[in-house]
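One file, coords.cif, is given below (mmCIF, C-alpha atoms and all ligand atoms).
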```cif
data_upload
#
loop_
_atom_site.group_PDB
_atom_site.id
_atom_site.type_symbol
_atom_site.label_atom_id
_atom_site.label_comp_id
_atom_site.auth_asym_id
_atom_site.auth_seq_id
_atom_site.Cartn_x
_atom_site.Cartn_y
_atom_site.Cartn_z
ATOM 1 C CA MET B 150 3.056 -11.664 14.553
ATOM 2 C CA PHE B 151 2.406 -9.013 11.959
ATOM 3 C CA SER B 152 5.265 -7.651 9.901
ATOM 4 C CA ILE B 153 5.464 -4.151 8.419
ATOM 5 C CA GLU B 154 6.936 -5.608 5.221
ATOM 6 C CA HIS B 155 3.786 -7.640 4.843
ATOM 7 C CA LEU B 156 1.587 -4.553 4.860
ATOM 8 C CA PHE B 157 3.652 -2.888 2.173
ATOM 9 C CA ARG B 158 3.872 -6.046 0.083
ATOM 10 C CA LYS B 159 0.118 -6.024 -0.338
ATOM 11 C CA SER B 160 -1.541 -2.732 -1.072
ATOM 12 C CA ALA B 161 -3.916 -1.719 1.703
ATOM 13 C CA PRO B 162 -7.123 -0.188 0.342
ATOM 14 C CA HIS B 163 -7.063 2.687 2.809
ATOM 15 C CA ALA B 164 -4.719 5.539 3.387
ATOM 16 C CA ARG B 165 -3.497 4.164 6.693
ATOM 17 C CA THR B 166 0.192 4.189 7.424
ATOM 18 C CA ALA B 167 2.157 1.185 8.625
ATOM 19 C CA ASP B 168 2.405 2.960 11.967
ATOM 20 C CA ASP B 169 -1.352 2.741 12.423
ATOM 21 C CA PHE B 170 -1.096 -1.017 12.264
ATOM 22 C CA SER B 171 2.083 -1.464 14.241
ATOM 23 C CA ARG B 172 0.369 -3.679 16.825
ATOM 24 C CA LEU B 173 -1.988 -5.989 15.072
ATOM 25 C CA PRO B 174 -3.634 -8.969 16.760
ATOM 26 C CA ALA B 175 -2.483 -12.436 15.683
ATOM 27 C CA HIS B 176 -6.003 -13.801 16.062
ATOM 28 C CA VAL B 177 -9.238 -11.832 15.596
ATOM 29 C CA ALA B 178 -12.616 -13.325 16.483
ATOM 30 C CA ILE B 179 -15.832 -11.729 15.275
ATOM 31 C CA ILE B 180 -19.387 -12.285 16.454
ATOM 32 C CA MET B 181 -21.236 -11.087 13.368
ATOM 33 C CA ASP B 182 -24.385 -9.803 15.040
ATOM 34 C CA GLY B 183 -27.216 -7.519 13.940
ATOM 35 C CA ASN B 184 -28.444 -9.034 10.663
ATOM 36 C CA GLY B 185 -31.987 -9.361 12.020
ATOM 37 C CA ARG B 186 -32.137 -5.756 13.234
ATOM 38 C CA TRP B 187 -30.657 -4.542 9.937
ATOM 39 C CA ALA B 188 -33.408 -6.363 8.011
ATOM 40 C CA LYS B 189 -36.064 -4.947 10.317
ATOM 41 C CA LYS B 190 -34.692 -1.443 9.912
ATOM 42 C CA HIS B 191 -34.938 -1.788 6.135
ATOM 43 C CA ARG B 192 -38.325 -3.540 6.304
ATOM 44 C CA LEU B 193 -36.878 -6.632 4.698
ATOM 45 C CA ALA B 194 -37.170 -10.332 5.474
ATOM 46 C CA VAL B 195 -34.569 -11.546 7.967
ATOM 47 C CA ALA B 196 -32.979 -13.726 5.254
ATOM 48 C CA LYS B 197 -32.094 -10.545 3.347
ATOM 49 C CA GLY B 198 -30.251 -9.301 6.420
ATOM 50 C CA HIS B 199 -28.204 -12.481 6.550
ATOM 51 C CA ARG B 200 -27.483 -12.232 2.828
ATOM 52 C CA GLN B 201 -26.329 -8.638 3.201
ATOM 53 C CA GLY B 202 -24.163 -9.828 6.094
ATOM 54 C CA THR B 203 -22.241 -12.135 3.773
ATOM 55 C CA GLU B 204 -21.189 -9.074 1.737
ATOM 56 C CA THR B 205 -19.562 -7.641 4.864
ATOM 57 C CA LEU B 206 -18.010 -11.026 5.532
ATOM 58 C CA ARG B 207 -16.317 -11.078 2.133
ATOM 59 C CA GLU B 208 -14.765 -7.642 2.655
ATOM 60 C CA ILE B 209 -13.597 -8.388 6.182
ATOM 61 C CA ILE B 210 -11.954 -11.662 5.166
ATOM 62 C CA ARG B 211 -10.144 -9.936 2.273
ATOM 63 C CA HIS B 212 -8.904 -7.137 4.481
ATOM 64 C CA THR B 213 -7.755 -9.501 7.212
ATOM 65 C CA ASP B 214 -5.754 -11.409 4.632
ATOM 66 C CA ASP B 215 -4.305 -8.194 3.162
ATOM 67 C CA LEU B 216 -3.083 -7.145 6.598
ATOM 68 C CA GLY B 217 -1.326 -10.454 7.181
ATOM 69 C CA ILE B 218 -3.254 -11.291 10.350
ATOM 70 C CA ARG B 219 -2.634 -14.938 11.217
ATOM 71 C CA ALA B 220 -6.097 -16.158 12.221
ATOM 72 C CA LEU B 221 -9.693 -14.969 11.850
ATOM 73 C CA SER B 222 -12.583 -16.752 13.576
ATOM 74 C CA LEU B 223 -16.105 -15.905 12.522
ATOM 75 C CA TYR B 224 -19.256 -16.922 14.356
ATOM 76 C CA ALA B 225 -21.750 -17.893 11.664
ATOM 77 C CA PHE B 226 -24.159 -20.270 13.433
ATOM 78 C CA SER B 227 -24.281 -21.256 17.081
ATOM 79 C CA THR B 228 -25.531 -24.466 18.661
ATOM 80 C CA GLU B 229 -28.334 -22.275 20.040
ATOM 81 C CA ASN B 230 -29.343 -20.871 16.634
ATOM 82 C CA TRP B 231 -31.249 -24.091 15.800
ATOM 83 C CA SER B 232 -34.012 -22.674 17.981
ATOM 84 C CA ARG B 233 -34.766 -19.948 15.401
ATOM 85 C CA PRO B 234 -37.746 -20.304 13.019
ATOM 86 C CA GLN B 235 -37.196 -23.124 10.514
ATOM 87 C CA GLU B 236 -37.441 -20.688 7.604
ATOM 88 C CA GLU B 237 -34.561 -18.642 8.981
ATOM 89 C CA VAL B 238 -32.453 -21.736 9.697
ATOM 90 C CA ASP B 239 -33.077 -22.893 6.114
ATOM 91 C CA ALA B 240 -32.015 -19.497 4.752
ATOM 92 C CA LEU B 241 -28.785 -19.640 6.789
ATOM 93 C CA MET B 242 -28.076 -23.176 5.566
ATOM 94 C CA GLN B 243 -28.568 -22.004 1.971
ATOM 95 C CA LEU B 244 -26.201 -19.080 2.551
ATOM 96 C CA ILE B 245 -23.498 -21.508 3.656
ATOM 97 C CA LEU B 246 -23.717 -23.237 0.271
ATOM 98 C CA ASP B 247 -23.820 -19.952 -1.653
ATOM 99 C CA PHE B 248 -20.907 -18.485 0.268
ATOM 100 C CA PHE B 249 -18.583 -21.402 -0.387
ATOM 101 C CA ALA B 250 -19.668 -21.737 -4.024
ATOM 102 C CA SER B 251 -18.755 -18.116 -4.709
ATOM 103 C CA GLU B 252 -15.685 -17.727 -2.479
ATOM 104 C CA ILE B 253 -13.764 -20.982 -2.421
ATOM 105 C CA ASP B 254 -11.713 -20.377 -5.592
ATOM 106 C CA GLU B 255 -10.507 -16.960 -4.464
ATOM 107 C CA LEU B 256 -9.799 -18.105 -0.905
ATOM 108 C CA ASP B 257 -7.825 -21.103 -2.121
ATOM 109 C CA ALA B 258 -5.916 -18.938 -4.607
ATOM 110 C CA LYS B 259 -5.024 -16.628 -1.730
ATOM 111 C CA ASN B 260 -3.548 -19.552 0.207
ATOM 112 C CA VAL B 261 -6.253 -19.289 2.914
ATOM 113 C CA HIS B 262 -6.591 -22.316 5.179
ATOM 114 C CA ILE B 263 -10.259 -22.957 6.013
ATOM 115 C CA LEU B 264 -11.303 -24.725 9.186
ATOM 116 C CA ILE B 265 -14.846 -25.276 10.366
ATOM 117 C CA LEU B 266 -15.292 -24.941 14.119
ATOM 118 C CA GLY B 267 -18.246 -26.968 15.338
ATOM 119 C CA ASP B 268 -19.996 -30.267 14.886
ATOM 120 C CA LYS B 269 -20.736 -30.716 11.204
ATOM 121 C CA SER B 270 -22.616 -33.989 11.743
ATOM 122 C CA ARG B 271 -25.871 -32.210 12.634
ATOM 123 C CA LEU B 272 -25.883 -30.239 9.382
ATOM 124 C CA PRO B 273 -27.712 -31.332 6.198
ATOM 125 C CA ARG B 274 -25.661 -33.718 4.026
ATOM 126 C CA LEU B 275 -24.917 -31.171 1.278
ATOM 127 C CA GLN B 276 -23.644 -28.590 3.776
ATOM 128 C CA GLN B 277 -21.457 -31.235 5.429
ATOM 129 C CA GLU B 278 -19.935 -32.176 2.082
ATOM 130 C CA THR B 279 -19.377 -28.572 1.034
ATOM 131 C CA LEU B 280 -17.634 -27.710 4.290
ATOM 132 C CA LEU B 281 -15.515 -30.841 4.235
ATOM 133 C CA GLN B 282 -14.477 -30.157 0.646
ATOM 134 C CA ALA B 283 -13.474 -26.590 1.532
ATOM 135 C CA GLU B 284 -11.392 -27.866 4.444
ATOM 136 C CA GLU B 285 -9.742 -30.599 2.409
ATOM 137 C CA ARG B 286 -9.060 -28.374 -0.578
ATOM 138 C CA THR B 287 -7.320 -25.738 1.563
ATOM 139 C CA ALA B 288 -5.741 -28.061 4.140
ATOM 140 C CA LYS B 289 -2.189 -27.522 2.869
ATOM 141 C CA ASN B 290 -2.535 -23.760 2.497
ATOM 142 C CA THR B 291 -0.182 -21.779 4.681
ATOM 143 C CA GLY B 292 -1.810 -18.339 4.680
ATOM 144 C CA LEU B 293 -4.597 -16.911 6.824
ATOM 145 C CA HIS B 294 -6.307 -19.405 9.142
ATOM 146 C CA LEU B 295 -9.955 -18.758 8.417
ATOM 147 C CA ASN B 296 -12.103 -20.423 11.063
ATOM 148 C CA ILE B 297 -15.823 -20.425 10.438
ATOM 149 C CA ALA B 298 -17.928 -21.477 13.403
ATOM 150 C CA ILE B 299 -21.009 -23.392 12.301
ATOM 151 C CA ASN B 300 -23.101 -25.363 14.780
ATOM 152 C CA TYR B 301 -20.467 -24.217 17.237
ATOM 153 C CA GLY B 302 -20.725 -23.846 21.000
ATOM 154 C CA GLY B 303 -17.835 -23.032 23.304
ATOM 155 C CA ARG B 304 -19.018 -25.282 26.101
ATOM 156 C CA ASP B 305 -19.653 -28.093 23.648
ATOM 157 C CA GLU B 306 -16.075 -27.703 22.374
ATOM 158 C CA ILE B 307 -14.634 -27.892 25.897
ATOM 159 C CA VAL B 308 -16.767 -30.888 26.850
ATOM 160 C CA ARG B 309 -15.658 -32.724 23.692
ATOM 161 C CA ALA B 310 -12.020 -32.073 24.551
ATOM 162 C CA ALA B 311 -12.603 -33.350 28.100
ATOM 163 C CA ARG B 312 -14.315 -36.451 26.762
ATOM 164 C CA ARG B 313 -11.456 -37.261 24.401
ATOM 165 C CA LEU B 314 -8.852 -36.752 27.105
ATOM 166 C CA ALA B 315 -10.851 -38.913 29.534
ATOM 167 C CA SER B 316 -11.107 -41.756 27.048
ATOM 168 C CA LEU B 317 -7.374 -41.585 26.272
ATOM 169 C CA ALA B 318 -6.684 -41.723 30.005
ATOM 170 C CA ALA B 319 -9.127 -44.631 30.480
ATOM 171 C CA GLU B 320 -7.291 -46.541 27.732
ATOM 172 C CA GLY B 321 -4.018 -45.887 29.533
ATOM 173 C CA ARG B 322 -2.660 -43.807 26.650
ATOM 174 C CA LEU B 323 -2.447 -40.563 28.604
ATOM 175 C CA SER B 324 -1.533 -39.692 32.169
ATOM 176 C CA PRO B 325 -3.984 -37.178 33.719
ATOM 177 C CA ASP B 326 -1.018 -35.395 35.316
ATOM 178 C CA SER B 327 0.415 -34.623 31.883
ATOM 179 C CA ILE B 328 -2.587 -32.451 30.925
ATOM 180 C CA THR B 329 -1.668 -28.767 30.884
ATOM 181 C CA GLU B 330 -3.496 -25.625 29.780
ATOM 182 C CA HIS B 331 -1.472 -25.732 26.597
ATOM 183 C CA SER B 332 -1.966 -29.436 25.848
ATOM 184 C CA PHE B 333 -5.690 -29.066 26.579
ATOM 185 C CA SER B 334 -5.947 -26.468 23.833
ATOM 186 C CA ASP B 335 -4.647 -29.064 21.364
ATOM 187 C CA TYR B 336 -7.964 -30.862 21.769
ATOM 188 C CA LEU B 337 -10.002 -27.821 20.785
ATOM 189 C CA TYR B 338 -11.041 -27.118 17.187
ATOM 190 C CA THR B 339 -8.447 -24.328 17.046
ATOM 191 C CA SER B 340 -5.547 -26.648 17.919
ATOM 192 C CA GLY B 341 -2.179 -25.117 17.057
ATOM 193 C CA GLN B 342 -3.538 -21.592 16.578
ATOM 194 C CA PRO B 343 -2.758 -18.592 18.783
ATOM 195 C CA ASP B 344 -5.295 -17.540 21.442
ATOM 196 C CA VAL B 345 -7.793 -14.853 20.452
ATOM 197 C CA ASP B 346 -6.218 -11.405 20.911
ATOM 198 C CA LEU B 347 -9.186 -9.326 19.847
ATOM 199 C CA LEU B 348 -12.884 -10.160 19.952
ATOM 200 C CA ILE B 349 -15.259 -7.872 18.085
ATOM 201 C CA ARG B 350 -19.034 -8.166 18.452
ATOM 202 C CA THR B 351 -21.074 -5.855 16.273
ATOM 203 C CA SER B 352 -24.569 -4.475 16.991
ATOM 204 C CA GLY B 353 -23.814 -3.260 20.503
ATOM 205 C CA GLU B 354 -24.586 -6.511 22.324
ATOM 206 C CA MET B 355 -22.011 -7.149 25.016
ATOM 207 C CA ARG B 356 -21.874 -10.870 25.553
ATOM 208 C CA LEU B 357 -19.948 -13.894 24.315
ATOM 209 C CA SER B 358 -22.960 -16.075 23.465
ATOM 210 C CA ASN B 359 -20.866 -19.214 23.931
ATOM 211 C CA PHE B 360 -18.103 -18.252 21.463
ATOM 212 C CA LEU B 361 -14.493 -19.416 21.945
ATOM 213 C CA LEU B 362 -14.730 -19.494 25.738
ATOM 214 C CA TYR B 363 -11.323 -21.112 26.274
ATOM 215 C CA GLN B 364 -9.494 -19.164 23.549
ATOM 216 C CA CYS B 365 -10.751 -15.746 24.713
ATOM 217 C CA ALA B 366 -9.280 -15.992 28.227
ATOM 218 C CA TYR B 367 -7.107 -12.894 27.646
ATOM 219 C CA ALA B 368 -8.768 -11.378 24.601
ATOM 220 C CA GLU B 369 -9.441 -7.658 24.328
ATOM 221 C CA PHE B 370 -13.136 -7.004 23.674
ATOM 222 C CA LEU B 371 -14.678 -4.386 21.407
ATOM 223 C CA PHE B 372 -18.410 -3.857 20.963
ATOM 224 C CA PRO B 373 -19.047 -1.464 18.077
ATOM 225 C CA LYS B 374 -22.710 -0.436 17.807
ATOM 226 C CA THR B 375 -22.807 -0.889 14.024
ATOM 227 C CA LEU B 376 -25.011 -3.701 12.752
ATOM 228 C CA TRP B 377 -23.007 -6.374 10.931
ATOM 229 C CA PRO B 378 -24.331 -5.628 7.395
ATOM 230 C CA ASP B 379 -23.284 -1.974 7.873
ATOM 231 C CA PHE B 380 -19.843 -2.796 9.322
ATOM 232 C CA THR B 381 -17.184 -1.498 6.916
ATOM 233 C CA VAL B 382 -13.484 -2.111 6.399
ATOM 234 C CA ALA B 383 -12.933 1.375 7.880
ATOM 235 C CA ASP B 384 -14.846 0.335 11.033
ATOM 236 C CA TYR B 385 -12.672 -2.762 11.176
ATOM 237 C CA ASP B 386 -9.531 -0.655 10.876
ATOM 238 C CA ASP B 387 -10.790 1.507 13.750
ATOM 239 C CA ALA B 388 -11.237 -1.613 15.866
ATOM 240 C CA LEU B 389 -7.760 -2.873 14.977
ATOM 241 C CA MET B 390 -6.248 0.464 15.910
ATOM 242 C CA ALA B 391 -8.192 0.606 19.165
ATOM 243 C CA PHE B 392 -6.740 -2.814 19.916
ATOM 244 C CA GLY B 393 -3.256 -1.433 19.243
ATOM 245 C CA ARG B 394 -3.789 1.210 21.936
ATOM 246 C CA ARG B 395 -4.894 -1.260 24.609
ATOM 247 C CA ASN B 396 -2.523 -1.939 27.459
ATOM 248 C CA ARG B 397 -2.421 -5.708 27.764
ATOM 249 C CA ARG B 398 -1.016 -6.738 31.108
ATOM 250 C CA PHE B 399 -1.820 -10.447 31.385
ATOM 251 C CA GLY B 400 -1.953 -10.052 35.146
ATOM 252 C CA SER B 401 1.496 -8.506 35.502
ATOM 253 C CA ARG B 402 2.609 -4.932 36.359
ATOM 254 C CA SER B 403 4.433 -4.083 33.164
HETATM 255 C C1 LIG D 1 -26.358 -12.644 13.591
HETATM 256 O O1 LIG D 1 -27.409 -11.780 13.342
HETATM 257 C C2 LIG D 1 -26.296 -13.768 12.618
HETATM 258 C C3 LIG D 1 -26.675 -15.079 13.173
HETATM 259 C C4 LIG D 1 -26.994 -15.343 14.407
HETATM 260 C C5 LIG D 1 -26.657 -16.174 12.247
HETATM 261 P P1 LIG D 1 -28.779 -11.909 14.110
HETATM 262 O O2 LIG D 1 -29.729 -12.657 13.248
HETATM 263 O O3 LIG D 1 -28.566 -12.490 15.464
HETATM 264 O O4 LIG D 1 -29.204 -10.395 14.221
HETATM 265 P P2 LIG D 1 -30.085 -9.752 15.368
HETATM 266 O O5 LIG D 1 -29.376 -9.983 16.660
HETATM 267 O O6 LIG D 1 -31.409 -10.429 15.328
HETATM 268 O O7 LIG D 1 -30.162 -8.309 14.981
HETATM 269 C C1 LIG D 2 -24.458 -15.189 18.306
HETATM 270 O O1 LIG D 2 -25.457 -14.288 18.023
HETATM 271 C C2 LIG D 2 -24.320 -16.190 17.204
HETATM 272 C C3 LIG D 2 -23.873 -15.680 15.925
HETATM 273 C C4 LIG D 2 -23.560 -14.451 15.634
HETATM 274 C C5 LIG D 2 -23.749 -16.667 14.909
HETATM 275 P P1 LIG D 2 -26.949 -14.465 18.564
HETATM 276 O O2 LIG D 2 -27.700 -13.306 18.050
HETATM 277 O O3 LIG D 2 -27.460 -15.809 18.231
HETATM 278 O O4 LIG D 2 -26.739 -14.394 20.142
HETATM 279 P P2 LIG D 2 -27.743 -13.944 21.287
HETATM 280 O O5 LIG D 2 -28.977 -14.787 21.144
HETATM 281 O O6 LIG D 2 -28.037 -12.496 21.076
HETATM 282 O O7 LIG D 2 -27.001 -14.196 22.549
HETATM 283 MG MG MG D 3 -28.272 -11.582 17.255
#
```

Could you show the structure in this file as structure tokens?
Amino acid sequence: MFSIEHLFRKSAPHARTADDFSRLPAHVAIIMDGNGRWAKKHRLAVAKGHRQGTETLREIIRHTDDLGIRALSLYAFSTENWSRPQEEVDALMQLILDFFASEIDELDAKNVHILILGDKSRLPRLQQETLLQAEERTAKNTGLHLNIAINYGGRDEIVRAARRLASLAAEGRLSPDSITEHSFSDYLYTSGQPDVDLLIRTSGEMRLSNFLLYQCAYAEFLFPKTLWPDFTVADYDDALMAFGRRNRRFGSRS
């Protein structure tokens, strides 16, 4: 979990006290929603909204790392997003390349471990290579687990896990009785990482849209109305503090 020493070791950009952050989540998941509406509001092409969204992304990743949060999962492209206009899909694919080209050195220097959640094989060759390189380059890093969901679907992830377990069982390498909730999670993309504690979805939409279905079983949910390109580090701090005030019971009385 989060340590107070950690907060003081790195200088937080805001005048928050360590007390404000005394109960930070170990794993934050964010559904970065509202780029399209932001573009519309500013009478810009939707691609400009997505580009502006990557500015927010940069700030949020930095701040998450500064706070010493263990894992951050970001929903960048869902298995359903292929159904958007080709021009928009192309713009998002280009942003993936641009984002990694500009960020990878800093992320690696900050000891960030990058993991792509989702099936990379459906992506264009260059995107596949870029993502694989980012994962390989940061594989030994021990800092923030930065999970970026690209061509990701929660049901797809669960079905893949089930398929792998079934084939291991069919080969006689695994007894079906040995499968537990915990061991099942080892077959998900997020294997070895803590469950999601806090899920934030910007833009006021209140749905999961197929994100981290298994990992969010006991997550706290926050739905700020702010559109993703307008979401600031201060808004993020507010969400983290609201999380700290939640009474998590996990089904018990205490
Ligand atoms: C989220 O913003 C980003 C992606 C899905 C890639 P949207 O593009 O969904 O924004 P809205 O929902 O249209 O405002
Ligand atoms: C979810 O947002 C996917 C991402 C943010 C990448 P969408 O905008 O695609 O979800 P729906 O269509 O509103 O459910
Ligand atoms: Mg949306």

Which one is closest to ligand LIG 1 (chain D): B:Ser332, B:Ser270, B:Thr351, B:Asn290? Count all atoms listed in the file.
->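 Looking only at the distances to ligand LIG 1 (chain D), the closest residue turns out to be B:Thr351.
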
B:Gly183, B:Pro234, B:Gly353, B:Gly321: which is nearest ligand MG 3 (chain D), counting all atoms listed in the file?
-> B:Gly183

What do you get as a PyMOL selection string if you pick all residues at most 12 Å from ligand MG 3 (chain D), counting all atoms listed in the file?
-> chain B and resi 180-188+195+198-199+224-227+229-230+233+350-358+376-377

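Our summary of the geometry notes that atom CA of Leu371 of chain B is positioned 6.2 Å from atom CA of Leu348 of chain B.
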
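From atom CA of Tyr367 of chain B back to atom CA of Lys269 of chain B, the distance works out to 27.8 Å.
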
I'd like the neighbourhood of segment 312-317 of chain B as a PDB file with C-alpha atoms, in the frame of the given file, where a residue qualifies if any of its atoms comes within 12 Å (using all atoms listed in the file), though same-chain residues fewer than 3 positions away should be ignored.
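Full text of around02.pdb as output:
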```
ATOM      1  CA  ASP B 305     -19.653 -28.093  23.648  1.00  0.00           C
ATOM      2  CA  GLU B 306     -16.075 -27.703  22.374  1.00  0.00           C
ATOM      3  CA  ILE B 307     -14.634 -27.892  25.897  1.00  0.00           C
ATOM      4  CA  VAL B 308     -16.767 -30.888  26.850  1.00  0.00           C
ATOM      5  CA  ARG B 309     -15.658 -32.724  23.692  1.00  0.00           C
ATOM      6  CA  GLU B 320      -7.291 -46.541  27.732  1.00  0.00           C
ATOM      7  CA  GLY B 321      -4.018 -45.887  29.533  1.00  0.00           C
ATOM      8  CA  ARG B 322      -2.660 -43.807  26.650  1.00  0.00           C
ATOM      9  CA  LEU B 323      -2.447 -40.563  28.604  1.00  0.00           C
ATOM     10  CA  SER B 324      -1.533 -39.692  32.169  1.00  0.00           C
ATOM     11  CA  PRO B 325      -3.984 -37.178  33.719  1.00  0.00           C
ATOM     12  CA  ASP B 326      -1.018 -35.395  35.316  1.00  0.00           C
ATOM     13  CA  SER B 327       0.415 -34.623  31.883  1.00  0.00           C
ATOM     14  CA  ILE B 328      -2.587 -32.451  30.925  1.00  0.00           C
ATOM     15  CA  THR B 329      -1.668 -28.767  30.884  1.00  0.00           C
ATOM     16  CA  SER B 332      -1.966 -29.436  25.848  1.00  0.00           C
ATOM     17  CA  PHE B 333      -5.690 -29.066  26.579  1.00  0.00           C
ATOM     18  CA  SER B 334      -5.947 -26.468  23.833  1.00  0.00           C
ATOM     19  CA  ASP B 335      -4.647 -29.064  21.364  1.00  0.00           C
ATOM     20  CA  TYR B 336      -7.964 -30.862  21.769  1.00  0.00           C
ATOM     21  CA  LEU B 337     -10.002 -27.821  20.785  1.00  0.00           C
TER      22      LEU B 337
END
```

Starting from the displayed file, determine the output of the PyMOL selection byres (((chain B and resi 381-396) around 7) and not hetatm) and express the residue list as a list of chain:residue names.
->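 Selected by the PyMOL selection byres (((chain B and resi 381-396) around 7) and not hetatm) in this file: B:Asp169, B:Phe170, B:Arg172, B:Leu173, B:Thr205, B:Glu208, B:Ile209, B:Leu347, B:Asp379, B:Phe380, B:Arg397, B:Arg398.
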
Residue members of the PyMOL selection byres (((chain B and resi 342) around 10) and not hetatm) in the file shown, as an mmCIF file with C-alpha atoms, in the frame of the given file:
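New file selection-v1.cif:
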```
data_model
loop_
_atom_site.group_PDB
_atom_site.id
_atom_site.type_symbol
_atom_site.label_atom_id
_atom_site.label_comp_id
_atom_site.auth_asym_id
_atom_site.auth_seq_id
_atom_site.Cartn_x
_atom_site.Cartn_y
_atom_site.Cartn_z
ATOM 1 C CA ALA B 175 -2.483 -12.436 15.683
ATOM 2 C CA HIS B 176 -6.003 -13.801 16.062
ATOM 3 C CA ARG B 219 -2.634 -14.938 11.217
ATOM 4 C CA ALA B 220 -6.097 -16.158 12.221
ATOM 5 C CA HIS B 294 -6.307 -19.405 9.142
ATOM 6 C CA SER B 334 -5.947 -26.468 23.833
ATOM 7 C CA ASP B 335 -4.647 -29.064 21.364
ATOM 8 C CA LEU B 337 -10.002 -27.821 20.785
ATOM 9 C CA TYR B 338 -11.041 -27.118 17.187
ATOM 10 C CA THR B 339 -8.447 -24.328 17.046
ATOM 11 C CA SER B 340 -5.547 -26.648 17.919
ATOM 12 C CA GLY B 341 -2.179 -25.117 17.057
ATOM 13 C CA PRO B 343 -2.758 -18.592 18.783
ATOM 14 C CA ASP B 344 -5.295 -17.540 21.442
ATOM 15 C CA VAL B 345 -7.793 -14.853 20.452
ATOM 16 C CA GLN B 364 -9.494 -19.164 23.549
#
```

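Minimum atom-to-atom distances from B:Arg165, B:His212, B:Lys289, B:Arg271 to Thr228 of chain B were compared using all atoms listed in the file, and the lowest value belongs to B:Arg271.
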
Two-atom distance - atom CA of Asp215 of chain B, atom CA of His262 of chain B (Å) | 14.4 Å

Produce the centre coordinates and the three edge lengths, each in Å to one decimal, of the box along x, y and z that contains all listed atoms of ligand LIG 1 (chain D) with 3 Å added on each side, as JSON.
```
{"center_x": -28.9, "center_y": -12.2, "center_z": 14.5, "size_x": 11.1, "size_y": 13.9, "size_z": 10.4}
```

The residue from B:Lys259, B:Lys197, B:His191, B:Lys374 with the smallest atom-to-atom distance to Arg211 of chain B, counting only C-alpha atoms, is B:Lys259

Exactly which residues make up the result of the PyMOL selection byres (((chain B and resi 242-254) around 7) and not hetatm) on this file, given as a VMD selection string?
-> chain B and resid 200 238 to 241 255 to 258 276 279 283

Residue nearest Gly202 of chain B among B:Ala368, B:Ala298, B:Ala310, B:Leu223 (counting all atoms listed in the file) | B:Leu223

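You can rank B:Pro174, B:Pro378, B:Gly302, B:Pro373 by their closest distance to Leu266 of chain B using all atoms listed in the file, and at the top of that list sits B:Gly302.
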